[in-house]
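Here is the file run-v6.cif (mmCIF, C-alpha atoms and all ligand atoms).
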```cif
data_protein
loop_
_atom_site.group_PDB
_atom_site.id
_atom_site.type_symbol
_atom_site.label_atom_id
_atom_site.label_comp_id
_atom_site.auth_asym_id
_atom_site.auth_seq_id
_atom_site.Cartn_x
_atom_site.Cartn_y
_atom_site.Cartn_z
ATOM 1 C CA MET A 1 -19.334 -109.666 -146.527
ATOM 2 C CA ARG A 2 -16.687 -111.868 -148.158
ATOM 3 C CA VAL A 3 -15.544 -111.690 -151.797
ATOM 4 C CA TYR A 4 -13.637 -114.446 -153.579
ATOM 5 C CA MET A 5 -12.263 -114.251 -157.116
ATOM 6 C CA ASN A 6 -14.859 -115.601 -159.562
ATOM 7 C CA GLN A 7 -17.248 -116.272 -156.714
ATOM 8 C CA LYS A 8 -20.390 -114.361 -155.895
ATOM 9 C CA ARG A 9 -20.503 -111.958 -152.942
ATOM 10 C CA ILE A 10 -22.142 -113.599 -149.952
ATOM 11 C CA PRO A 11 -23.570 -111.459 -147.132
ATOM 12 C CA ALA A 12 -22.080 -112.521 -143.793
ATOM 13 C CA HIS A 13 -25.260 -111.452 -142.002
ATOM 14 C CA VAL A 14 -28.768 -111.741 -143.433
ATOM 15 C CA ALA A 15 -31.673 -110.389 -141.354
ATOM 16 C CA ILE A 16 -35.267 -111.222 -142.268
ATOM 17 C CA ILE A 17 -38.621 -109.687 -141.346
ATOM 18 C CA MET A 18 -40.892 -112.708 -141.787
ATOM 19 C CA ASP A 19 -44.090 -111.005 -142.899
ATOM 20 C CA GLY A 20 -47.328 -112.249 -144.454
ATOM 21 C CA ASN A 21 -48.260 -115.382 -142.478
ATOM 22 C CA GLY A 22 -51.753 -114.039 -141.785
ATOM 23 C CA ARG A 23 -52.401 -112.936 -145.360
ATOM 24 C CA TRP A 24 -51.119 -116.242 -146.687
ATOM 25 C CA ALA A 25 -53.497 -118.116 -144.367
ATOM 26 C CA GLU A 26 -56.448 -115.928 -145.340
ATOM 27 C CA ALA A 27 -55.727 -116.405 -149.051
ATOM 28 C CA HIS A 28 -55.764 -120.189 -148.511
ATOM 29 C CA GLY A 29 -58.981 -120.235 -146.428
ATOM 30 C CA LYS A 30 -57.052 -121.112 -143.242
ATOM 31 C CA GLU A 31 -56.788 -119.697 -139.698
ATOM 32 C CA ARG A 32 -53.993 -117.183 -138.991
ATOM 33 C CA TYR A 33 -52.128 -119.630 -136.715
ATOM 34 C CA GLU A 34 -51.921 -122.085 -139.631
ATOM 35 C CA GLY A 35 -49.959 -119.401 -141.470
ATOM 36 C CA HIS A 36 -47.525 -119.242 -138.538
ATOM 37 C CA ILE A 37 -47.169 -123.050 -138.554
ATOM 38 C CA GLU A 38 -46.365 -122.913 -142.261
ATOM 39 C CA GLY A 39 -43.946 -120.087 -141.424
ATOM 40 C CA VAL A 40 -41.903 -122.444 -139.247
ATOM 41 C CA HIS A 41 -41.311 -124.630 -142.327
ATOM 42 C CA SER A 42 -39.930 -121.544 -144.097
ATOM 43 C CA VAL A 43 -37.629 -120.908 -141.110
ATOM 44 C CA LYS A 44 -36.196 -124.412 -141.465
ATOM 45 C CA LYS A 45 -35.749 -124.030 -145.234
ATOM 46 C CA CYS A 46 -33.932 -120.711 -144.763
ATOM 47 C CA ILE A 47 -31.565 -122.135 -142.154
ATOM 48 C CA LYS A 48 -30.663 -124.893 -144.617
ATOM 49 C CA ALA A 49 -30.155 -122.402 -147.441
ATOM 50 C CA ALA A 50 -28.117 -120.059 -145.219
ATOM 51 C CA LEU A 51 -25.809 -122.942 -144.238
ATOM 52 C CA ARG A 52 -25.440 -124.013 -147.870
ATOM 53 C CA ASN A 53 -24.634 -120.454 -149.012
ATOM 54 C CA GLY A 54 -22.044 -119.913 -146.244
ATOM 55 C CA VAL A 55 -23.982 -117.136 -144.480
ATOM 56 C CA LYS A 56 -22.552 -116.771 -140.939
ATOM 57 C CA TYR A 57 -25.406 -114.901 -139.179
ATOM 58 C CA LEU A 58 -29.128 -115.239 -139.871
ATOM 59 C CA THR A 59 -31.418 -112.978 -137.843
ATOM 60 C CA LEU A 60 -35.173 -113.625 -137.874
ATOM 61 C CA TYR A 61 -37.768 -111.200 -136.516
ATOM 62 C CA ALA A 62 -40.006 -113.709 -134.731
ATOM 63 C CA PHE A 63 -42.004 -111.546 -132.280
ATOM 64 C CA SER A 64 -41.996 -107.771 -131.870
ATOM 65 C CA THR A 65 -42.681 -105.802 -128.691
ATOM 66 C CA GLU A 66 -45.824 -104.599 -130.504
ATOM 67 C CA ASN A 67 -47.026 -108.172 -131.192
ATOM 68 C CA TRP A 68 -48.228 -108.435 -127.543
ATOM 69 C CA GLY A 69 -51.093 -106.207 -128.737
ATOM 70 C CA ARG A 70 -52.530 -109.023 -130.903
ATOM 71 C CA PRO A 71 -55.507 -111.065 -129.597
ATOM 72 C CA ALA A 72 -54.427 -113.270 -126.652
ATOM 73 C CA GLU A 73 -55.354 -116.360 -128.658
ATOM 74 C CA GLU A 74 -52.824 -115.521 -131.391
ATOM 75 C CA VAL A 75 -50.106 -114.501 -128.884
ATOM 76 C CA ASN A 76 -50.571 -117.804 -127.028
ATOM 77 C CA ALA A 77 -50.520 -119.775 -130.273
ATOM 78 C CA LEU A 78 -47.228 -118.083 -131.251
ATOM 79 C CA MET A 79 -45.667 -118.816 -127.829
ATOM 80 C CA GLU A 80 -46.762 -122.467 -128.026
ATOM 81 C CA LEU A 81 -45.467 -122.751 -131.573
ATOM 82 C CA PHE A 82 -42.169 -121.288 -130.492
ATOM 83 C CA CYS A 83 -41.803 -123.746 -127.563
ATOM 84 C CA LYS A 84 -42.726 -126.693 -129.780
ATOM 85 C CA SER A 85 -40.353 -125.602 -132.547
ATOM 86 C CA VAL A 86 -37.518 -125.317 -130.013
ATOM 87 C CA MET A 87 -38.216 -128.745 -128.497
ATOM 88 C CA ASP A 88 -38.519 -130.421 -131.909
ATOM 89 C CA ASN A 89 -35.455 -128.831 -133.520
ATOM 90 C CA THR A 90 -32.756 -128.125 -130.908
ATOM 91 C CA ALA A 91 -30.882 -131.392 -131.470
ATOM 92 C CA GLU A 92 -30.978 -131.028 -135.251
ATOM 93 C CA LEU A 93 -29.740 -127.406 -135.066
ATOM 94 C CA ALA A 94 -26.879 -128.430 -132.768
ATOM 95 C CA GLY A 95 -26.007 -131.240 -135.202
ATOM 96 C CA GLN A 96 -25.945 -128.776 -138.114
ATOM 97 C CA GLY A 97 -23.469 -126.511 -136.273
ATOM 98 C CA VAL A 98 -26.074 -123.799 -135.637
ATOM 99 C CA ARG A 99 -25.726 -121.651 -132.517
ATOM 100 C CA VAL A 100 -28.959 -119.946 -131.445
ATOM 101 C CA ARG A 101 -28.927 -116.508 -129.782
ATOM 102 C CA MET A 102 -31.968 -114.563 -128.631
ATOM 103 C CA ILE A 103 -32.209 -110.780 -128.783
ATOM 104 C CA GLY A 104 -34.979 -108.828 -127.101
ATOM 105 C CA ARG A 105 -36.512 -108.387 -123.681
ATOM 106 C CA ARG A 106 -36.509 -111.320 -121.316
ATOM 107 C CA ASP A 107 -38.813 -109.983 -118.619
ATOM 108 C CA ARG A 108 -42.256 -110.575 -120.111
ATOM 109 C CA PHE A 109 -42.298 -114.262 -121.015
ATOM 110 C CA SER A 110 -43.859 -117.065 -118.991
ATOM 111 C CA GLU A 111 -41.477 -119.318 -117.052
ATOM 112 C CA ARG A 112 -42.061 -122.064 -119.598
ATOM 113 C CA VAL A 113 -41.063 -119.852 -122.548
ATOM 114 C CA CYS A 114 -37.999 -118.551 -120.631
ATOM 115 C CA HIS A 115 -36.975 -122.135 -119.935
ATOM 116 C CA HIS A 116 -37.072 -122.962 -123.658
ATOM 117 C CA LEU A 117 -35.183 -119.790 -124.627
ATOM 118 C CA ASN A 118 -32.394 -120.624 -122.181
ATOM 119 C CA ALA A 119 -32.355 -124.291 -123.188
ATOM 120 C CA ILE A 120 -31.935 -123.647 -126.909
ATOM 121 C CA GLU A 121 -29.112 -121.153 -126.280
ATOM 122 C CA GLU A 122 -27.298 -123.515 -123.915
ATOM 123 C CA GLN A 123 -27.710 -126.641 -126.015
ATOM 124 C CA THR A 124 -26.524 -125.008 -129.247
ATOM 125 C CA ALA A 125 -23.702 -122.908 -127.738
ATOM 126 C CA ALA A 126 -20.966 -124.900 -129.515
ATOM 127 C CA GLY A 127 -22.314 -124.270 -133.040
ATOM 128 C CA GLU A 128 -19.715 -122.657 -135.295
ATOM 129 C CA LYS A 129 -21.194 -122.740 -138.794
ATOM 130 C CA LEU A 130 -24.126 -120.352 -138.443
ATOM 131 C CA THR A 131 -25.406 -118.088 -135.670
ATOM 132 C CA LEU A 132 -29.202 -117.988 -135.764
ATOM 133 C CA VAL A 133 -30.328 -114.815 -134.004
ATOM 134 C CA LEU A 134 -33.987 -114.874 -132.990
ATOM 135 C CA ALA A 135 -35.483 -111.459 -132.290
ATOM 136 C CA PHE A 136 -38.167 -112.262 -129.763
ATOM 137 C CA ASP A 137 -40.030 -109.526 -127.825
ATOM 138 C CA TYR A 138 -37.700 -107.224 -129.727
ATOM 139 C CA SER A 139 -38.008 -103.703 -131.036
ATOM 140 C CA SER A 140 -35.212 -101.407 -132.013
ATOM 141 C CA ARG A 141 -36.416 -98.336 -130.125
ATOM 142 C CA ASP A 142 -36.847 -100.397 -126.956
ATOM 143 C CA GLU A 143 -33.318 -101.783 -127.468
ATOM 144 C CA ILE A 144 -31.878 -98.269 -127.970
ATOM 145 C CA LYS A 145 -33.764 -97.004 -124.902
ATOM 146 C CA SER A 146 -32.247 -99.695 -122.689
ATOM 147 C CA ALA A 147 -28.787 -99.039 -124.203
ATOM 148 C CA VAL A 148 -29.106 -95.319 -123.404
ATOM 149 C CA ARG A 149 -30.171 -96.180 -119.855
ATOM 150 C CA SER A 150 -27.133 -98.408 -119.291
ATOM 151 C CA ILE A 151 -24.754 -95.802 -120.738
ATOM 152 C CA ALA A 152 -26.365 -93.045 -118.637
ATOM 153 C CA ALA A 153 -25.996 -95.233 -115.532
ATOM 154 C CA ALA A 154 -22.294 -95.792 -116.321
ATOM 155 C CA VAL A 155 -21.807 -92.016 -116.616
ATOM 156 C CA ALA A 156 -23.769 -91.328 -113.408
ATOM 157 C CA GLU A 157 -21.662 -93.871 -111.505
ATOM 158 C CA GLY A 158 -18.418 -92.384 -112.864
ATOM 159 C CA ARG A 159 -17.455 -95.510 -114.863
ATOM 160 C CA LEU A 160 -17.604 -93.574 -118.155
ATOM 161 C CA SER A 161 -17.164 -89.923 -119.127
ATOM 162 C CA VAL A 162 -19.459 -88.170 -121.612
ATOM 163 C CA GLU A 163 -16.472 -87.626 -123.969
ATOM 164 C CA GLN A 164 -15.742 -91.353 -123.977
ATOM 165 C CA ILE A 165 -19.126 -92.174 -125.529
ATOM 166 C CA SER A 166 -18.491 -93.306 -129.109
ATOM 167 C CA GLU A 167 -20.539 -95.118 -131.747
ATOM 168 C CA GLN A 168 -18.859 -98.294 -130.508
ATOM 169 C CA THR A 169 -20.074 -97.570 -126.937
ATOM 170 C CA ILE A 170 -23.621 -97.537 -128.280
ATOM 171 C CA SER A 171 -23.174 -100.669 -130.426
ATOM 172 C CA ASP A 172 -21.710 -102.455 -127.393
ATOM 173 C CA ALA A 173 -24.739 -101.563 -125.262
ATOM 174 C CA LEU A 174 -27.244 -103.085 -127.707
ATOM 175 C CA TYR A 175 -28.556 -106.671 -127.536
ATOM 176 C CA THR A 176 -26.509 -107.283 -130.693
ATOM 177 C CA ALA A 177 -23.168 -106.320 -129.054
ATOM 178 C CA GLU A 178 -21.254 -109.358 -130.328
ATOM 179 C CA ILE A 179 -23.097 -109.659 -133.623
ATOM 180 C CA PRO A 180 -21.856 -107.844 -136.761
ATOM 181 C CA ASP A 181 -24.267 -105.402 -138.423
ATOM 182 C CA PRO A 182 -26.544 -106.972 -141.051
ATOM 183 C CA ASP A 183 -25.317 -106.733 -144.650
ATOM 184 C CA PHE A 184 -28.690 -107.595 -146.120
ATOM 185 C CA ILE A 185 -32.228 -107.082 -144.790
ATOM 186 C CA VAL A 186 -35.107 -108.936 -146.421
ATOM 187 C CA ARG A 187 -38.802 -108.345 -145.737
ATOM 188 C CA THR A 188 -41.341 -110.607 -147.368
ATOM 189 C CA SER A 189 -44.927 -109.762 -148.404
ATOM 190 C CA GLY A 190 -44.043 -106.665 -150.415
ATOM 191 C CA GLU A 191 -44.136 -104.236 -147.447
ATOM 192 C CA CYS A 192 -41.240 -101.769 -147.718
ATOM 193 C CA ARG A 193 -40.680 -100.798 -144.079
ATOM 194 C CA LEU A 194 -38.259 -101.686 -141.281
ATOM 195 C CA SER A 195 -40.967 -101.610 -138.579
ATOM 196 C CA ASN A 196 -38.655 -101.021 -135.608
ATOM 197 C CA PHE A 197 -36.144 -103.723 -136.639
ATOM 198 C CA LEU A 198 -32.367 -103.190 -136.213
ATOM 199 C CA LEU A 199 -32.595 -99.430 -136.892
ATOM 200 C CA TRP A 200 -29.099 -98.636 -135.557
ATOM 201 C CA GLN A 201 -27.524 -101.740 -137.058
ATOM 202 C CA ALA A 202 -29.140 -101.272 -140.510
ATOM 203 C CA SER A 203 -27.121 -98.125 -141.364
ATOM 204 C CA TYR A 204 -25.343 -99.646 -144.383
ATOM 205 C CA ALA A 205 -27.505 -102.693 -145.041
ATOM 206 C CA GLU A 206 -28.785 -103.466 -148.504
ATOM 207 C CA MET A 207 -32.529 -104.086 -148.524
ATOM 208 C CA TYR A 208 -34.811 -106.341 -150.520
ATOM 209 C CA PHE A 209 -38.601 -106.572 -150.422
ATOM 210 C CA PRO A 210 -39.841 -109.636 -152.339
ATOM 211 C CA SER A 211 -43.615 -109.835 -152.775
ATOM 212 C CA VAL A 212 -43.971 -113.483 -151.664
ATOM 213 C CA MET A 213 -45.557 -114.154 -148.278
ATOM 214 C CA TRP A 214 -43.309 -115.685 -145.611
ATOM 215 C CA PRO A 215 -44.835 -119.222 -145.884
ATOM 216 C CA GLU A 216 -43.848 -119.138 -149.588
ATOM 217 C CA PHE A 217 -40.248 -118.119 -148.899
ATOM 218 C CA ASP A 218 -38.317 -121.344 -149.556
ATOM 219 C CA GLU A 219 -34.719 -122.299 -150.414
ATOM 220 C CA ASN A 220 -35.213 -121.131 -153.990
ATOM 221 C CA GLU A 221 -36.408 -117.697 -152.766
ATOM 222 C CA PHE A 222 -33.417 -117.518 -150.430
ATOM 223 C CA ASP A 223 -31.050 -118.245 -153.331
ATOM 224 C CA LYS A 224 -32.834 -115.578 -155.403
ATOM 225 C CA ALA A 225 -32.242 -113.090 -152.574
ATOM 226 C CA MET A 226 -28.543 -114.053 -152.517
ATOM 227 C CA ASN A 227 -28.352 -113.255 -156.233
ATOM 228 C CA VAL A 228 -29.994 -109.858 -155.679
ATOM 229 C CA TYR A 229 -27.402 -109.066 -152.986
ATOM 230 C CA ALA A 230 -24.493 -110.227 -155.171
ATOM 231 C CA GLU A 231 -25.470 -107.650 -157.787
ATOM 232 C CA ARG A 232 -25.624 -104.699 -155.384
ATOM 233 C CA ASN A 233 -22.696 -102.281 -155.262
ATOM 234 C CA ARG A 234 -22.025 -101.205 -151.667
ATOM 235 C CA ARG A 235 -20.011 -98.005 -151.301
ATOM 236 C CA TYR A 236 -20.384 -97.093 -147.592
ATOM 237 C CA GLY A 237 -20.713 -93.392 -148.488
ATOM 238 C CA LYS A 238 -17.541 -93.460 -150.564
ATOM 239 C CA LEU A 239 -17.093 -93.361 -154.351
HETATM 240 C C1 LIG B 1 -45.676 -111.922 -139.402
HETATM 241 O O1 LIG B 1 -46.804 -112.308 -140.142
HETATM 242 C C2 LIG B 1 -45.148 -113.044 -138.620
HETATM 243 C C3 LIG B 1 -45.129 -113.106 -137.256
HETATM 244 C C4 LIG B 1 -45.644 -112.042 -136.375
HETATM 245 C C5 LIG B 1 -44.614 -114.287 -136.535
HETATM 246 C C6 LIG B 1 -43.473 -115.008 -137.182
HETATM 247 C C7 LIG B 1 -43.340 -116.326 -136.532
HETATM 248 C C8 LIG B 1 -43.050 -117.470 -137.144
HETATM 249 C C9 LIG B 1 -42.720 -117.612 -138.562
HETATM 250 C C10 LIG B 1 -43.062 -118.746 -136.361
HETATM 251 C C11 LIG B 1 -42.147 -118.879 -135.190
HETATM 252 C C12 LIG B 1 -40.716 -118.651 -135.494
HETATM 253 C C13 LIG B 1 -39.679 -119.368 -135.017
HETATM 254 C C14 LIG B 1 -38.335 -118.772 -135.176
HETATM 255 C C15 LIG B 1 -39.794 -120.687 -134.397
HETATM 256 P P1 LIG B 1 -48.189 -111.584 -139.834
HETATM 257 O O2 LIG B 1 -48.953 -112.419 -138.864
HETATM 258 O O3 LIG B 1 -47.952 -110.180 -139.408
HETATM 259 O O4 LIG B 1 -48.857 -111.627 -141.245
HETATM 260 P P2 LIG B 1 -49.870 -110.557 -141.872
HETATM 261 O O5 LIG B 1 -49.124 -109.254 -141.975
HETATM 262 O O6 LIG B 1 -50.182 -111.144 -143.213
HETATM 263 O O7 LIG B 1 -51.053 -110.484 -140.959
#
```

Take the structure in this file and express it as structure tokens.
Amino acid sequence: MRVYMNQKRIPAHVAIIMDGNGRWAEAHGKERYEGHIEGVHSVKKCIKAALRNGVKYLTLYAFSTENWGRPAEEVNALMELFCKSVMDNTAELAGQGVRVRMIGRRDRFSERVCHHLNAIEEQTAAGEKLTLVLAFDYSSRDEIKSAVRSIAAAVAEGRLSVEQISEQTISDALYTAEIPDPDFIVRTSGECRLSNFLLWQASYAEMYFPSVMWPEFDENEFDKAMNVYAERNRRYGKL
């Protein structure tokens, strides 16, 4: 978070749970996947608004480890939409100075999806204005479990002692190792839960739960969220 005299406080890292695509589609007499397609437009609007506001990290919860449990038709539609969105937008993102990073498991995607994940990371690696972190096959408990496994392995192999394990050791073993903790977490659709998203990293994050569905979350809604954050008083447990 940066503060300038007479300027509003801007969160360095905004993380968003993009919820409500299905309900939005249903309310408009459309199929669920049409809600996801509309959701991609909101993603693009938010990237623009994040760049304009000077946000440095924007994390989007795109697919949870639990989402594999949805009907195969919807899972496939989401994977296709993801591949298409990557192919259509990589050049524009690179041109805007956006670096894309993926967090989550990498062992359960098809070869085609893996190819697109790697391609977007490689082709946007030079971006310095905004890091767009896509949480894809991600859940926080799964992330913490794999961090604990890697720390336990380091101890078992004698590379680390139990006493050396610090909070930083744990942060460094997470997918988000080089990413600062989120300052501000937003979840659309009025649901007030974190649903297995950045549980370790969210320790001091401000939270905001606007009632609009994700397809309705546009640049104006993003600016509104920035104003909500600017008015919060973060004390980190101090007075
Ligand atoms: C939650 O709405 C949304 C998702 C599970 C998928 C989000 C994906 C996108 C917006 C598109 C792909 C993203 C990128 C980054 C290219 P829901 O289906 O749970 O809605 P509901 O709760 O109303 O059913």

Would you write out, as a tab-separated table, a table of all residues in segment 33-83 of chain A that have an atom no more than 10 Å from an atom of segment 175-183 of chain A, listing for each the closest atom pair and the distance in Å to one decimal, considering all atoms listed in the file and ordering rows by chain and rising residue number?
```
residue	atom	partner	partner_atom	distance
A:Lys56	CA	A:Pro180	CA	9.9
A:Tyr57	CA	A:Ile179	CA	8.0
A:Leu58	CA	A:Pro182	CA	8.7
A:Thr59	CA	A:Pro182	CA	8.4
```

Record the distance separating atom CA of Asn118 of chain A and atom CA of Leu134 of chain A, expressed in Å with one decimal.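 If I compute the distance from atom CA of Asn118 of chain A to atom CA of Leu134 of chain A, I get 12.3 Å.
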
Between A:Arg99, A:Tyr208, A:Asp137, A:Ile16, which residue has the minimum interatomic distance to Ser42 of chain A, considering only C-alpha atoms? A:Ile16

Find the residues of chain A that sit at most 7 Å from ligand LIG 1 (chain B); for each, write down the nearest two atoms and how far apart they are in Å, to one decimal. Count all atoms listed in the file. Sort by chain, then by number going up, and give it as a Markdown table.
```
| residue | atom | partner | partner_atom | distance |
| --- | --- | --- | --- | --- |
| A:Met18 | CA | B:LIG1 | C2 | 5.3 |
| A:Asp19 | CA | B:LIG1 | C1 | 3.9 |
| A:Gly20 | CA | B:LIG1 | O6 | 3.3 |
| A:Asn21 | CA | B:LIG1 | O4 | 4.0 |
| A:Gly22 | CA | B:LIG1 | O6 | 3.6 |
| A:Arg23 | CA | B:LIG1 | O6 | 3.6 |
| A:Trp24 | CA | B:LIG1 | O6 | 6.2 |
| A:Arg32 | CA | B:LIG1 | O2 | 6.9 |
| A:His36 | CA | B:LIG1 | C10 | 5.0 |
| A:Ile37 | CA | B:LIG1 | C10 | 6.3 |
| A:Gly39 | CA | B:LIG1 | C9 | 4.0 |
| A:Val40 | CA | B:LIG1 | C10 | 4.8 |
| A:Val43 | CA | B:LIG1 | C14 | 6.3 |
| A:Leu60 | CA | B:LIG1 | C14 | 6.6 |
| A:Tyr61 | CA | B:LIG1 | C6 | 6.9 |
| A:Ala62 | CA | B:LIG1 | C6 | 4.4 |
| A:Phe63 | CA | B:LIG1 | C4 | 5.5 |
| A:Asn67 | CA | B:LIG1 | C4 | 6.6 |
| A:Leu78 | CA | B:LIG1 | C11 | 6.5 |
| A:Leu81 | CA | B:LIG1 | C11 | 6.3 |
| A:Phe82 | CA | B:LIG1 | C15 | 4.6 |
| A:Ser85 | CA | B:LIG1 | C15 | 5.3 |
| A:Val86 | CA | B:LIG1 | C15 | 6.8 |
| A:Leu134 | CA | B:LIG1 | C14 | 6.2 |
```

Quick one: residues within 12 Å of segment 124-130 of chain A, all atoms listed in the file counted, chain neighbours fewer than 2 positions away excluded, as number ranges by chain? A: 12-14, 46-59, 86, 89-102, 117-122, 132-133, 179

Restricted to C-alpha atoms, what would the selected residues look like written as an mmCIF file, in the coordinates of the input?
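In the end it all went to selection.cif:
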```
data_model
loop_
_atom_site.group_PDB
_atom_site.id
_atom_site.type_symbol
_atom_site.label_atom_id
_atom_site.label_comp_id
_atom_site.auth_asym_id
_atom_site.auth_seq_id
_atom_site.Cartn_x
_atom_site.Cartn_y
_atom_site.Cartn_z
ATOM 1 C CA ALA A 12 -22.080 -112.521 -143.793
ATOM 2 C CA HIS A 13 -25.260 -111.452 -142.002
ATOM 3 C CA VAL A 14 -28.768 -111.741 -143.433
ATOM 4 C CA CYS A 46 -33.932 -120.711 -144.763
ATOM 5 C CA ILE A 47 -31.565 -122.135 -142.154
ATOM 6 C CA LYS A 48 -30.663 -124.893 -144.617
ATOM 7 C CA ALA A 49 -30.155 -122.402 -147.441
ATOM 8 C CA ALA A 50 -28.117 -120.059 -145.219
ATOM 9 C CA LEU A 51 -25.809 -122.942 -144.238
ATOM 10 C CA ARG A 52 -25.440 -124.013 -147.870
ATOM 11 C CA ASN A 53 -24.634 -120.454 -149.012
ATOM 12 C CA GLY A 54 -22.044 -119.913 -146.244
ATOM 13 C CA VAL A 55 -23.982 -117.136 -144.480
ATOM 14 C CA LYS A 56 -22.552 -116.771 -140.939
ATOM 15 C CA TYR A 57 -25.406 -114.901 -139.179
ATOM 16 C CA LEU A 58 -29.128 -115.239 -139.871
ATOM 17 C CA THR A 59 -31.418 -112.978 -137.843
ATOM 18 C CA VAL A 86 -37.518 -125.317 -130.013
ATOM 19 C CA ASN A 89 -35.455 -128.831 -133.520
ATOM 20 C CA THR A 90 -32.756 -128.125 -130.908
ATOM 21 C CA ALA A 91 -30.882 -131.392 -131.470
ATOM 22 C CA GLU A 92 -30.978 -131.028 -135.251
ATOM 23 C CA LEU A 93 -29.740 -127.406 -135.066
ATOM 24 C CA ALA A 94 -26.879 -128.430 -132.768
ATOM 25 C CA GLY A 95 -26.007 -131.240 -135.202
ATOM 26 C CA GLN A 96 -25.945 -128.776 -138.114
ATOM 27 C CA GLY A 97 -23.469 -126.511 -136.273
ATOM 28 C CA VAL A 98 -26.074 -123.799 -135.637
ATOM 29 C CA ARG A 99 -25.726 -121.651 -132.517
ATOM 30 C CA VAL A 100 -28.959 -119.946 -131.445
ATOM 31 C CA ARG A 101 -28.927 -116.508 -129.782
ATOM 32 C CA MET A 102 -31.968 -114.563 -128.631
ATOM 33 C CA LEU A 117 -35.183 -119.790 -124.627
ATOM 34 C CA ASN A 118 -32.394 -120.624 -122.181
ATOM 35 C CA ALA A 119 -32.355 -124.291 -123.188
ATOM 36 C CA ILE A 120 -31.935 -123.647 -126.909
ATOM 37 C CA GLU A 121 -29.112 -121.153 -126.280
ATOM 38 C CA GLU A 122 -27.298 -123.515 -123.915
ATOM 39 C CA LEU A 132 -29.202 -117.988 -135.764
ATOM 40 C CA VAL A 133 -30.328 -114.815 -134.004
ATOM 41 C CA ILE A 179 -23.097 -109.659 -133.623
#
```

May I ask for the distance between atom CA of Phe209 of chain A and atom CA of Ala147 of chain A, given in Å to one decimal place? 29.0 Å

Residue among A:Cys114, A:Thr65, A:Ala152, A:Met87 lying closest to Ser140 of chain A, counting only C-alpha atoms: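 Among the listed residues, the smallest separation from Ser140 of chain A belongs to A:Thr65.
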
Could you check how far atom CA of Ala205 of chain A sits from atom CA of Pro11 of chain A, in Å to one decimal?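 Going from atom CA of Ala205 of chain A over to atom CA of Pro11 of chain A covers 9.8 Å.
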
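Residues matched by the PyMOL selection byres (((chain A and resi 217) around 9) and not hetatm) in this file are Met18, Gly39, Ser42, Val43, Lys45, Cys46, Thr188, Val212, Met213, Trp214, Pro215, Glu216, Asp218, Glu219, Asn220, Glu221 and Phe222 of chain A.
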
Can you write out the residues you just picked, keeping C-alpha atoms, as a short mmCIF file (atom, residue, chain, number, x, y, z; two decimals), keeping the file's coordinate frame?
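Output file result.cif is given in full below:
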```cif
data_model
loop_
_atom_site.label_atom_id
_atom_site.label_comp_id
_atom_site.auth_asym_id
_atom_site.auth_seq_id
_atom_site.Cartn_x
_atom_site.Cartn_y
_atom_site.Cartn_z
CA MET A 18 -40.89 -112.71 -141.79
CA GLY A 39 -43.95 -120.09 -141.42
CA SER A 42 -39.93 -121.54 -144.10
CA VAL A 43 -37.63 -120.91 -141.11
CA LYS A 45 -35.75 -124.03 -145.23
CA CYS A 46 -33.93 -120.71 -144.76
CA THR A 188 -41.34 -110.61 -147.37
CA VAL A 212 -43.97 -113.48 -151.66
CA MET A 213 -45.56 -114.15 -148.28
CA TRP A 214 -43.31 -115.68 -145.61
CA PRO A 215 -44.84 -119.22 -145.88
CA GLU A 216 -43.85 -119.14 -149.59
CA ASP A 218 -38.32 -121.34 -149.56
CA GLU A 219 -34.72 -122.30 -150.41
CA ASN A 220 -35.21 -121.13 -153.99
CA GLU A 221 -36.41 -117.70 -152.77
CA PHE A 222 -33.42 -117.52 -150.43
#
```

Measuring atom to atom with only C-alpha atoms, identify which of A:Glu80, A:Asp142, A:Glu157, A:Glu206 is nearest to Glu66 of chain A.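 When distances to Glu66 of chain A are compared using only C-alpha atoms, the smallest one comes from A:Asp142.
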